[in-house]
Number of protein chains: 2
Amino acid sequence: MGRVVVDVMPKPEILDPQGKAVAGALPRLGFAQFSSVRQGKRFELEVDGPVTDEVLAAARAAGEQVLSNPVIEDVVAVYEDTDAEVAAR
Amino acid sequence: MGRVVVDVMPKPEILDPQGKAVAGALPRLGFAQFSSVRQGKRFELEVDGPVTDEVLAAARAAGEQVLSNPVIEDVVAVYEDTDAEVAAR
């Protein structure tokens with residue numbers, strides 16, 4: 001069983017009200033280190049077999065065609081989720 | 001200028017209707033490789049200086065206290081975003 005992560009973010013020029021709201025709240029809650037925040041989506045796609053190059057290419061295509069709106073969003077990362085936390089879940 | 005990514009996912013036992021809806025649509029759109037899909041959030045937090053261990057610790061704390069609902073969500077990854085796409089944006 002393999003897992004692929006597809007990360008989608010708003011295009012840089014697109015207004016991100018959620019990110020702005022979070023950025024505004026963080027200093028009040030004691031987190032003054034961060035100058036800005038942007039919020040996007042993280043998808044975890046599971047496959048029954050191993051994560052091959054074909055699976056990664058299909059995940060990127062699914063990201064671009066189904067999981068994001070290409071007018072306002074970019075697929076910024078597609079990678080196999082191999083970290084230990086996968087095993088723990 | 002540095003950037004930290006904080007990834008938040010629904011806890012495994014939490015129903016994920018959005019993920020189920022996407023998983024149902026993918027085969028109809030030609031993507032039959034994926035057995036399940038889960039959807040979470042990706043936050044990009046920018047800092048003016050370098051990403052130090054303290055910054056990463058603050059980002060994880062912000063993730064757990066502000067960016068996620070600990071009852072139904074887990075912070076699954078906190079890392080410095082160093083890939084080339086950062087430079088390109």
# chains A, B, ... in the order shown; residues from 1 in each chain; ligands from 1

$ select_by_dssp --residues "chain A" --states "strand (DSSP E or B)" --output "NGL selection string"
:A and (2-10 or 34-47 or 73-80)

$ closest_atom_pairs --of "chain B" --to "chain A" --cutoff "9 Å" --atoms "only C-alpha atoms" --output "Markdown table"
| residue | atom | partner | partner_atom | distance |
| --- | --- | --- | --- | --- |
| B:Asp7 | CA | A:Arg42 | CA | 7.1 |
| B:Val8 | CA | A:Arg42 | CA | 7.9 |
| B:Met9 | CA | A:Arg42 | CA | 7.8 |
| B:Lys11 | CA | A:Arg89 | CA | 8.9 |
| B:Pro12 | CA | A:Arg89 | CA | 7.0 |
| B:Gly19 | CA | A:Phe43 | CA | 8.1 |
| B:Val22 | CA | A:Leu67 | CA | 7.8 |
| B:Ala23 | CA | A:Leu45 | CA | 8.4 |
| B:Ala25 | CA | A:Val66 | CA | 8.5 |
| B:Leu26 | CA | A:Val66 | CA | 7.5 |
| B:Leu29 | CA | A:Val66 | CA | 8.2 |
| B:Gly30 | CA | A:Ala62 | CA | 8.8 |
| B:Phe31 | CA | A:Ala62 | CA | 6.9 |
| B:Gln33 | CA | A:Val47 | CA | 6.1 |
| B:Phe34 | CA | A:Val47 | CA | 4.8 |
| B:Ser35 | CA | A:Val47 | CA | 5.4 |
| B:Ser36 | CA | A:Glu46 | CA | 5.2 |
| B:Val37 | CA | A:Leu45 | CA | 4.6 |
| B:Arg38 | CA | A:Glu44 | CA | 5.1 |
| B:Gln39 | CA | A:Phe43 | CA | 4.6 |
| B:Gly40 | CA | A:Arg42 | CA | 4.9 |
| B:Lys41 | CA | A:Lys41 | CA | 4.4 |
| B:Arg42 | CA | A:Gly40 | CA | 4.9 |
| B:Phe43 | CA | A:Gln39 | CA | 4.6 |
| B:Glu44 | CA | A:Arg38 | CA | 5.1 |
| B:Leu45 | CA | A:Val37 | CA | 4.6 |
| B:Glu46 | CA | A:Ser36 | CA | 5.2 |
| B:Val47 | CA | A:Phe34 | CA | 4.8 |
| B:Asp48 | CA | A:Ser35 | CA | 6.6 |
| B:Val55 | CA | A:Gln33 | CA | 7.2 |
| B:Ala58 | CA | A:Phe31 | CA | 7.0 |
| B:Ala59 | CA | A:Phe31 | CA | 8.3 |
| B:Ala61 | CA | A:Phe31 | CA | 8.8 |
| B:Ala62 | CA | A:Phe31 | CA | 6.9 |
| B:Gln65 | CA | A:Leu29 | CA | 9.0 |
| B:Val66 | CA | A:Leu26 | CA | 7.5 |
| B:Leu67 | CA | A:Val22 | CA | 7.8 |
| B:Val76 | CA | A:Glu85 | CA | 7.2 |
| B:Ala77 | CA | A:Glu85 | CA | 8.8 |
| B:Glu85 | CA | A:Val76 | CA | 7.3 |
| B:Arg89 | CA | A:Pro12 | CA | 7.0 |

$ select_by_dssp --residues "chain A" --states "helix (DSSP H, G or I)" --output "number ranges by chain"
A: 17-28, 53-67, 84-88

$ write_last_selection --atoms "C-alpha atoms" --output "mmCIF file, in the first residue's frame"
data_model
loop_
_atom_site.group_PDB
_atom_site.id
_atom_site.type_symbol
_atom_site.label_atom_id
_atom_site.label_comp_id
_atom_site.auth_asym_id
_atom_site.auth_seq_id
_atom_site.Cartn_x
_atom_site.Cartn_y
_atom_site.Cartn_z
ATOM 1 C CA PRO A 17 -8.557 35.936 2.974
ATOM 2 C CA GLN A 18 -8.242 32.816 5.132
ATOM 3 C CA GLY A 19 -4.489 33.115 5.186
ATOM 4 C CA LYS A 20 -4.735 36.821 6.030
ATOM 5 C CA ALA A 21 -7.155 36.103 8.890
ATOM 6 C CA VAL A 22 -4.799 33.492 10.346
ATOM 7 C CA ALA A 23 -1.790 35.788 9.898
ATOM 8 C CA GLY A 24 -3.665 38.465 11.806
ATOM 9 C CA ALA A 25 -4.587 36.129 14.675
ATOM 10 C CA LEU A 26 -1.180 34.509 15.225
ATOM 11 C CA PRO A 27 0.573 37.482 16.901
ATOM 12 C CA ARG A 28 -2.362 37.937 19.300
ATOM 13 C CA ASP A 53 6.646 7.000 -11.567
ATOM 14 C CA GLU A 54 3.390 6.261 -13.396
ATOM 15 C CA VAL A 55 1.441 6.605 -10.147
ATOM 16 C CA LEU A 56 3.173 9.923 -9.387
ATOM 17 C CA ALA A 57 2.402 11.177 -12.918
ATOM 18 C CA ALA A 58 -1.252 10.126 -12.543
ATOM 19 C CA ALA A 59 -1.425 11.864 -9.155
ATOM 20 C CA ARG A 60 -0.052 15.088 -10.669
ATOM 21 C CA ALA A 61 -2.537 14.865 -13.546
ATOM 22 C CA ALA A 62 -5.384 14.220 -11.081
ATOM 23 C CA GLY A 63 -4.139 17.203 -9.085
ATOM 24 C CA GLU A 64 -4.174 19.479 -12.099
ATOM 25 C CA GLN A 65 -7.468 18.232 -13.581
ATOM 26 C CA VAL A 66 -9.611 17.247 -10.586
ATOM 27 C CA LEU A 67 -8.128 18.349 -7.260
ATOM 28 C CA ALA A 84 7.104 7.169 9.804
ATOM 29 C CA GLU A 85 3.786 8.825 10.580
ATOM 30 C CA VAL A 86 2.261 6.912 7.693
ATOM 31 C CA ALA A 87 3.151 3.631 9.413
ATOM 32 C CA ALA A 88 1.792 4.903 12.719
#

$ atom_distance --atom1 "atom CA of B:Ile14" --atom2 "atom CA of B:Asp74"
10.8 Å

$ atom_distance --atom1 "atom CA of A:Asp16" --atom2 "atom CA of B:Val75"
21.2 Å
